[in-house]
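In what follows, a structure is listed as structure tokens, so that the remarks can point back to it.
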Amino acid sequence: MRIDVVSIFPAYLEGLKLSLIGKAIEQGLLDLTVHDLRDFTFDRHRTVDDSPYGGGAGMVMKAEPWALALEHILGEGTGEATKPILIVPSPAGEVFDQRIAEELAHTEHLTFACGRYEGIDQRVLDWAGQSFEVRPMSIGDYVLNGGEVASMVMIEAVSRLIPGVIGNPESLTEESHEDGLLEYPIFTKPATWRGHDVPEILLSGNHAAIARWRRDRRLERTAEVRPDLLTGLGDLDARDREVLD
Ligand SMILES: COc1cccc(Cn2ccc3ccc(-c4cc(N)[nH]n4)cc32)c1
């Protein structure tokens with residue numbers, strides 16, 4: 001997968017080059033390029049913003065640098081079969097979730113447009129629609145100062161789903177949100193720690209009983225912390241219902 005990110009703070013994205021995502025880049029599973037939007041300005045001050053038409057507080061990101069940056073990215077295109085996707089982090093976007101992460105993990109090329117100030121001139125998104133599938137995307141109902149953190153969240157959530165990025169693919173199966181339930185509580189040595197014991201069942205070696213215990217804990221935790229997720233689940237069996245009632 002090819003990922004391009006455009007930002008006026010390219011150093012923000014350096015964190016992605018650590019740990020598993022960094023290894024995936026080294027292994028060629030991921031091709032990440034971060035572009036400095038100011039490289040697409042040509043005035044002395046490398047201007048990327050101006051005051052908003054219609055008045056109001058703050059500044060708006062100018063269209064032309066964005067168009068030049070996106071054209072540069074398209075120009076490096078390797079003739080992808082489908083329109084590349086342009087993710088535009090925004091408080092006014094569709095809310096990113098695991099389903100969208102799974103969807104994006106199957107695409108060839110993602111571009112993230114990291115806005116700052118009060119956002120990007122709307123005409124950029126309208127213009128980009130001719131060459132990109134433009135997806136304004138929120139990572140939650142709270143306000144950030146720009147799109148970089150949101151892009152890192154989405155890039156991490158998507159990249160870890162690419163085969164080979166996470167060493168053990170089994171660890172992707174029983175995760176929160178993977179199948180609609182939150183994950184079960186986890187423990188490691190020592191078996192007793194500051195007066196707190198690991199649940200006996202986990203020391204029993206009875207794998208069927210352990211699997212059942214884990215599913216029960218997932219159901220209980222989901223019902224307690226995120227009951228909204230239970231409505232989206234398919235048919236729960238009688239045993240599941242018993243745990244929830
Ligand atoms: C109403 O508050 C705002 C309205 C417009 C812009 C900004 C600041 N800002 C600039 C670029 C940008 C990109 C993403 C986000 C963002 C995404 C999520 N989930 N929260 N915040 C915020 C951004 C704040």
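In the structure tokens, each chain is lettered A, B, ... as it comes, each chain's residues begin at 1, and ligands are numbered from 1 in order of appearance.
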A:Arg123 surroundings by only C-alpha atoms, 10 Å radius, close-in-sequence under 6 positions cut, as a PyMOL selection string: chain A and resi 62-64+67+129
If the limit is 6 Å from any atom of ligand 1, counting only C-alpha atoms and all ligand atoms, which residues qualify? Return them as a PyMOL selection string. chain A and resi 89-91+115-119+138-147
Please report the interatomic distance between atom CA of A:Leu219 and atom CA of A:His177 in Å with one decimal. 12.0 Å
Which residues are close to A:Arg212, i.e. within 10 Å by only C-alpha atoms, leaving aside same-chain residues fewer than 5 positions away? Reply as an mmCIF file with all heavy atoms, in the first residue's frame.
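Contents of the output file around-v7.cif:
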data_model
loop_
_atom_site.group_PDB
_atom_site.id
_atom_site.type_symbol
_atom_site.label_atom_id
_atom_site.label_comp_id
_atom_site.auth_asym_id
_atom_site.auth_seq_id
_atom_site.Cartn_x
_atom_site.Cartn_y
_atom_site.Cartn_z
ATOM 1 N N HIS A 207 -8.753 -25.410 27.404
ATOM 2 C CA HIS A 207 -8.867 -24.358 26.372
ATOM 3 C C HIS A 207 -10.310 -24.012 26.044
ATOM 4 O O HIS A 207 -10.629 -22.847 25.801
ATOM 5 C CB HIS A 207 -8.085 -24.784 25.127
ATOM 6 C CG HIS A 207 -6.611 -24.946 25.417
ATOM 7 N ND1 HIS A 207 -5.796 -23.886 25.811
ATOM 8 C CD2 HIS A 207 -5.808 -26.045 25.438
ATOM 9 C CE1 HIS A 207 -4.565 -24.325 26.036
ATOM 10 N NE2 HIS A 207 -4.538 -25.633 25.810
ATOM 11 N N ARG A 217 -16.499 -12.710 29.361
ATOM 12 C CA ARG A 217 -15.946 -11.421 29.827
ATOM 13 C C ARG A 217 -16.113 -10.351 28.730
ATOM 14 O O ARG A 217 -16.368 -9.200 29.021
ATOM 15 C CB ARG A 217 -14.458 -11.561 30.162
ATOM 16 C CG ARG A 217 -14.101 -12.500 31.281
ATOM 17 C CD ARG A 217 -14.642 -12.158 32.666
ATOM 18 N NE ARG A 217 -16.031 -12.423 32.885
ATOM 19 C CZ ARG A 217 -16.583 -13.641 32.998
ATOM 20 N NH1 ARG A 217 -15.854 -14.750 32.842
ATOM 21 N NH2 ARG A 217 -17.884 -13.788 33.214
ATOM 22 N N ARG A 218 -15.981 -10.748 27.459
ATOM 23 C CA ARG A 218 -16.134 -9.777 26.355
ATOM 24 C C ARG A 218 -17.580 -9.270 26.326
ATOM 25 O O ARG A 218 -17.839 -8.073 26.171
ATOM 26 C CB ARG A 218 -15.765 -10.411 25.019
ATOM 27 C CG ARG A 218 -14.304 -10.807 24.891
ATOM 28 C CD ARG A 218 -14.004 -11.368 23.525
ATOM 29 N NE ARG A 218 -13.919 -10.282 22.544
ATOM 30 C CZ ARG A 218 -14.076 -10.460 21.234
ATOM 31 N NH1 ARG A 218 -14.337 -11.668 20.752
ATOM 32 N NH2 ARG A 218 -13.958 -9.440 20.413
ATOM 33 N N ARG A 239 -26.495 -19.046 25.218
ATOM 34 C CA ARG A 239 -25.461 -18.918 26.265
ATOM 35 C C ARG A 239 -25.051 -17.447 26.405
ATOM 36 O O ARG A 239 -24.912 -16.922 27.490
ATOM 37 C CB ARG A 239 -24.252 -19.789 25.858
ATOM 38 C CG ARG A 239 -23.127 -19.861 26.861
ATOM 39 C CD ARG A 239 -23.457 -20.758 28.042
ATOM 40 N NE ARG A 239 -22.316 -20.877 28.947
ATOM 41 C CZ ARG A 239 -21.819 -19.861 29.647
ATOM 42 N NH1 ARG A 239 -22.330 -18.668 29.506
ATOM 43 N NH2 ARG A 239 -20.807 -20.057 30.455
ATOM 44 N N ASP A 240 -24.869 -16.794 25.250
ATOM 45 C CA ASP A 240 -24.505 -15.361 25.270
ATOM 46 C C ASP A 240 -25.595 -14.560 25.987
ATOM 47 O O ASP A 240 -25.320 -13.717 26.833
ATOM 48 C CB ASP A 240 -24.352 -14.830 23.842
ATOM 49 C CG ASP A 240 -23.110 -15.378 23.136
ATOM 50 O OD1 ASP A 240 -22.229 -15.926 23.846
ATOM 51 O OD2 ASP A 240 -23.052 -15.277 21.906
#
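Atom CA of A:Ala157 is found 7.7 Å from atom CA of A:Gln98.
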Name the residues of stretch 52-235 of chain A that fall into strand (DSSP E or B) according to DSSP on the backbone, using the chain letters and numbers of this document, as a PyMOL selection string. chain A and resi 60-61+85-95+109-113+120+133-138+192-193+196-197
Taking N, CA and C atoms for each residue, export the selection above as an mmCIF file, in the first residue's frame.
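Saved to selection.cif:
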data_model
loop_
_atom_site.group_PDB
_atom_site.id
_atom_site.type_symbol
_atom_site.label_atom_id
_atom_site.label_comp_id
_atom_site.auth_asym_id
_atom_site.auth_seq_id
_atom_site.Cartn_x
_atom_site.Cartn_y
_atom_site.Cartn_z
ATOM 1 N N VAL A 60 -7.782 30.538 6.716
ATOM 2 C CA VAL A 60 -8.154 29.402 5.857
ATOM 3 C C VAL A 60 -6.948 29.021 4.993
ATOM 4 N N MET A 61 -6.759 27.735 4.748
ATOM 5 C CA MET A 61 -5.619 27.296 3.927
ATOM 6 C C MET A 61 -5.924 27.571 2.461
ATOM 7 N N ILE A 85 -7.849 7.394 -3.048
ATOM 8 C CA ILE A 85 -8.708 7.980 -2.010
ATOM 9 C C ILE A 85 -7.970 9.128 -1.332
ATOM 10 N N LEU A 86 -8.653 10.253 -1.181
ATOM 11 C CA LEU A 86 -8.108 11.400 -0.454
ATOM 12 C C LEU A 86 -8.874 11.532 0.860
ATOM 13 N N ILE A 87 -8.189 11.229 1.945
ATOM 14 C CA ILE A 87 -8.792 11.352 3.277
ATOM 15 C C ILE A 87 -8.500 12.763 3.783
ATOM 16 N N VAL A 88 -9.558 13.489 4.119
ATOM 17 C CA VAL A 88 -9.382 14.841 4.642
ATOM 18 C C VAL A 88 -9.881 14.865 6.085
ATOM 19 N N PRO A 89 -8.963 14.727 7.066
ATOM 20 C CA PRO A 89 -9.413 14.780 8.456
ATOM 21 C C PRO A 89 -10.194 16.076 8.696
ATOM 22 N N SER A 90 -11.313 15.962 9.394
ATOM 23 C CA SER A 90 -12.181 17.112 9.625
ATOM 24 C C SER A 90 -13.160 16.804 10.754
ATOM 25 N N PRO A 91 -13.519 17.829 11.568
ATOM 26 C CA PRO A 91 -14.564 17.585 12.559
ATOM 27 C C PRO A 91 -15.907 17.291 11.886
ATOM 28 N N ALA A 92 -15.980 17.653 10.602
ATOM 29 C CA ALA A 92 -17.268 17.517 9.873
ATOM 30 C C ALA A 92 -17.210 16.361 8.882
ATOM 31 N N GLY A 93 -16.569 15.273 9.255
ATOM 32 C CA GLY A 93 -16.478 14.133 8.340
ATOM 33 C C GLY A 93 -17.240 12.935 8.857
ATOM 34 N N GLU A 94 -17.283 11.899 8.050
ATOM 35 C CA GLU A 94 -17.834 10.621 8.525
ATOM 36 C C GLU A 94 -16.912 10.136 9.646
ATOM 37 N N VAL A 95 -17.468 9.444 10.627
ATOM 38 C CA VAL A 95 -16.664 9.042 11.787
ATOM 39 C C VAL A 95 -15.922 7.741 11.490
ATOM 40 N N HIS A 109 -3.878 2.935 -2.667
ATOM 41 C CA HIS A 109 -3.220 4.221 -2.469
ATOM 42 C C HIS A 109 -4.096 5.148 -1.648
ATOM 43 N N LEU A 110 -3.583 5.603 -0.531
ATOM 44 C CA LEU A 110 -4.312 6.558 0.309
ATOM 45 C C LEU A 110 -3.509 7.848 0.399
ATOM 46 N N THR A 111 -4.192 8.979 0.289
ATOM 47 C CA THR A 111 -3.540 10.270 0.523
ATOM 48 C C THR A 111 -4.284 10.974 1.663
ATOM 49 N N PHE A 112 -3.519 11.505 2.615
ATOM 50 C CA PHE A 112 -4.106 12.221 3.748
ATOM 51 C C PHE A 112 -3.765 13.698 3.631
ATOM 52 N N ALA A 113 -4.774 14.552 3.629
ATOM 53 C CA ALA A 113 -4.575 16.003 3.528
ATOM 54 C C ALA A 113 -4.750 16.591 4.921
ATOM 55 N N ILE A 120 -9.281 23.840 5.140
ATOM 56 C CA ILE A 120 -8.816 24.032 3.762
ATOM 57 C C ILE A 120 -9.936 24.656 2.934
ATOM 58 N N GLU A 133 -11.228 10.003 -4.925
ATOM 59 C CA GLU A 133 -12.453 9.799 -4.141
ATOM 60 C C GLU A 133 -12.198 10.559 -2.836
ATOM 61 N N VAL A 134 -12.893 11.687 -2.627
ATOM 62 C CA VAL A 134 -12.610 12.565 -1.494
ATOM 63 C C VAL A 134 -13.460 12.160 -0.289
ATOM 64 N N ARG A 135 -12.795 11.842 0.852
ATOM 65 C CA ARG A 135 -13.482 11.375 2.048
ATOM 66 C C ARG A 135 -13.149 12.237 3.273
ATOM 67 N N PRO A 136 -13.972 13.293 3.563
ATOM 68 C CA PRO A 136 -13.766 13.992 4.836
ATOM 69 C C PRO A 136 -13.990 12.987 5.976
ATOM 70 N N MET A 137 -13.065 12.972 6.962
ATOM 71 C CA MET A 137 -13.119 11.915 7.980
ATOM 72 C C MET A 137 -12.848 12.497 9.374
ATOM 73 N N SER A 138 -13.744 12.196 10.302
ATOM 74 C CA SER A 138 -13.557 12.592 11.706
ATOM 75 C C SER A 138 -13.072 11.381 12.490
ATOM 76 N N THR A 192 0.280 -14.307 41.056
ATOM 77 C CA THR A 192 -0.239 -13.459 42.138
ATOM 78 C C THR A 192 0.630 -12.200 42.209
ATOM 79 N N TRP A 193 -0.020 -11.079 42.179
ATOM 80 C CA TRP A 193 0.731 -9.809 42.151
ATOM 81 C C TRP A 193 0.071 -8.819 43.084
ATOM 82 N N HIS A 196 -3.310 -9.611 44.111
ATOM 83 C CA HIS A 196 -4.285 -9.809 43.026
ATOM 84 C C HIS A 196 -3.916 -11.069 42.248
ATOM 85 N N ASP A 197 -4.860 -12.006 42.156
ATOM 86 C CA ASP A 197 -4.593 -13.294 41.485
ATOM 87 C C ASP A 197 -5.125 -13.297 40.062
#
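Neighbouring residues of A:Leu233 at 12 Å or closer, counting only C-alpha atoms and skipping chain neighbours under 2 positions away, are His177, Glu178, Asp179, Gly180, Leu181, Leu182, Leu219, Thr222, Ala223, Pro227, Asp228, Leu229, Leu230, Thr231, Asp235, Leu236, Asp237 and Asp240 of chain A.
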Written file, previous selection with all heavy atoms, as a compact mmCIF listing (two decimals), in the first residue's frame:
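As a result, out_35.txt now contains:
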# COMPACT_ATOMS: atom_id res chain seq x y z
N HIS A 177 -13.76 -4.49 18.78
CA HIS A 177 -14.39 -3.96 17.56
C HIS A 177 -14.20 -4.85 16.34
O HIS A 177 -14.87 -4.66 15.35
CB HIS A 177 -13.89 -2.54 17.24
CG HIS A 177 -14.04 -1.59 18.39
ND1 HIS A 177 -15.27 -1.17 18.81
CD2 HIS A 177 -13.13 -1.04 19.22
CE1 HIS A 177 -15.10 -0.35 19.86
NE2 HIS A 177 -13.83 -0.27 20.12
N GLU A 178 -13.26 -5.81 16.41
CA GLU A 178 -13.05 -6.66 15.24
C GLU A 178 -14.34 -7.41 14.92
O GLU A 178 -14.75 -7.53 13.79
CB GLU A 178 -11.90 -7.64 15.52
CG GLU A 178 -11.49 -8.45 14.32
CD GLU A 178 -11.16 -7.59 13.12
OE1 GLU A 178 -10.56 -6.52 13.30
OE2 GLU A 178 -11.53 -7.96 11.99
N ASP A 179 -14.97 -7.97 15.96
CA ASP A 179 -16.24 -8.69 15.72
C ASP A 179 -17.38 -8.02 16.45
O ASP A 179 -18.42 -8.62 16.68
CB ASP A 179 -16.09 -10.15 16.17
CG ASP A 179 -15.73 -10.22 17.67
OD1 ASP A 179 -15.61 -9.14 18.30
OD2 ASP A 179 -15.57 -11.32 18.20
N GLY A 180 -17.18 -6.78 16.86
CA GLY A 180 -18.26 -6.03 17.49
C GLY A 180 -18.23 -6.06 19.00
O GLY A 180 -18.94 -5.30 19.67
N LEU A 181 -17.38 -6.93 19.57
CA LEU A 181 -17.28 -6.99 21.04
C LEU A 181 -15.96 -6.38 21.51
O LEU A 181 -14.97 -6.43 20.78
CB LEU A 181 -17.34 -8.46 21.51
CG LEU A 181 -18.69 -9.18 21.41
CD1 LEU A 181 -18.52 -10.64 21.82
CD2 LEU A 181 -19.74 -8.50 22.28
N LEU A 182 -15.94 -5.87 22.71
CA LEU A 182 -14.68 -5.38 23.30
C LEU A 182 -13.84 -6.58 23.72
O LEU A 182 -14.37 -7.69 23.88
CB LEU A 182 -14.98 -4.49 24.50
CG LEU A 182 -15.83 -3.24 24.21
CD1 LEU A 182 -15.98 -2.41 25.47
CD2 LEU A 182 -15.19 -2.42 23.10
N LEU A 219 -18.53 -10.19 26.47
CA LEU A 219 -19.94 -9.81 26.47
C LEU A 219 -20.24 -8.88 27.65
O LEU A 219 -20.86 -7.83 27.49
CB LEU A 219 -20.82 -11.06 26.54
CG LEU A 219 -20.86 -11.91 25.25
CD1 LEU A 219 -21.34 -13.31 25.56
CD2 LEU A 219 -21.74 -11.24 24.19
N THR A 222 -18.57 -5.45 27.17
CA THR A 222 -19.25 -4.66 26.13
C THR A 222 -20.58 -4.13 26.66
O THR A 222 -20.91 -2.95 26.48
CB THR A 222 -19.47 -5.50 24.86
OG1 THR A 222 -18.22 -6.06 24.43
CG2 THR A 222 -20.05 -4.64 23.73
N ALA A 223 -21.32 -4.99 27.34
CA ALA A 223 -22.63 -4.57 27.89
C ALA A 223 -22.45 -3.44 28.89
O ALA A 223 -23.26 -2.50 28.95
CB ALA A 223 -23.32 -5.77 28.55
N PRO A 227 -22.75 -0.60 25.57
CA PRO A 227 -23.99 -1.32 25.22
C PRO A 227 -24.45 -1.01 23.80
O PRO A 227 -25.10 -1.83 23.15
CB PRO A 227 -25.00 -0.82 26.25
CG PRO A 227 -24.42 0.41 26.86
CD PRO A 227 -22.93 0.27 26.75
N ASP A 228 -24.07 0.15 23.27
CA ASP A 228 -24.45 0.51 21.89
C ASP A 228 -23.91 -0.49 20.87
O ASP A 228 -24.51 -0.71 19.82
CB ASP A 228 -23.96 1.93 21.55
CG ASP A 228 -22.44 2.06 21.71
OD1 ASP A 228 -21.97 1.90 22.85
OD2 ASP A 228 -21.74 2.29 20.69
N LEU A 229 -22.77 -1.12 21.21
CA LEU A 229 -22.18 -2.08 20.26
C LEU A 229 -22.99 -3.36 20.18
O LEU A 229 -22.97 -4.07 19.19
CB LEU A 229 -20.73 -2.39 20.67
CG LEU A 229 -19.73 -1.25 20.58
CD1 LEU A 229 -18.35 -1.72 21.06
CD2 LEU A 229 -19.63 -0.72 19.15
N LEU A 230 -23.73 -3.66 21.25
CA LEU A 230 -24.48 -4.93 21.28
C LEU A 230 -25.61 -4.92 20.25
O LEU A 230 -25.94 -5.95 19.68
CB LEU A 230 -25.04 -5.18 22.68
CG LEU A 230 -24.01 -5.55 23.75
CD1 LEU A 230 -24.70 -5.71 25.10
CD2 LEU A 230 -23.27 -6.83 23.37
N THR A 231 -26.14 -3.71 19.98
CA THR A 231 -27.29 -3.67 19.05
C THR A 231 -26.84 -4.04 17.63
O THR A 231 -27.60 -4.55 16.85
CB THR A 231 -27.89 -2.24 19.01
OG1 THR A 231 -26.82 -1.33 18.72
CG2 THR A 231 -28.50 -1.88 20.35
N ASP A 235 -27.05 -12.50 15.65
CA ASP A 235 -27.75 -13.28 16.68
C ASP A 235 -26.78 -13.82 17.72
O ASP A 235 -25.84 -14.51 17.39
CB ASP A 235 -28.48 -14.47 16.01
CG ASP A 235 -29.62 -13.94 15.13
OD1 ASP A 235 -30.09 -12.81 15.45
OD2 ASP A 235 -29.99 -14.61 14.16
N LEU A 236 -27.07 -13.46 18.99
CA LEU A 236 -26.28 -14.04 20.08
C LEU A 236 -26.93 -15.36 20.43
O LEU A 236 -28.15 -15.51 20.38
CB LEU A 236 -26.32 -13.08 21.28
CG LEU A 236 -25.66 -11.70 21.04
CD1 LEU A 236 -25.89 -10.81 22.25
CD2 LEU A 236 -24.18 -11.87 20.76
N ASP A 237 -26.12 -16.35 20.79
CA ASP A 237 -26.73 -17.65 21.12
C ASP A 237 -27.29 -17.59 22.55
O ASP A 237 -27.10 -16.62 23.28
CB ASP A 237 -25.71 -18.78 20.93
CG ASP A 237 -24.54 -18.69 21.93
OD1 ASP A 237 -24.75 -18.16 23.04
OD2 ASP A 237 -23.45 -19.14 21.58
N ASP A 240 -24.87 -16.79 25.25
CA ASP A 240 -24.51 -15.36 25.27
C ASP A 240 -25.60 -14.56 25.99
O ASP A 240 -25.32 -13.72 26.83
CB ASP A 240 -24.35 -14.83 23.84
CG ASP A 240 -23.11 -15.38 23.14
OD1 ASP A 240 -22.23 -15.93 23.85
OD2 ASP A 240 -23.05 -15.28 21.91
As an exercise, work out the distance from atom CA of A:Pro10 to atom CA of A:Asp31 in Å and give it to one decimal place. 15.7 Å
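Closest approach to A:Val225 among A:Glu183, A:Glu76, A:Glu148, A:Glu71: A:Glu183, based on only C-alpha atoms.
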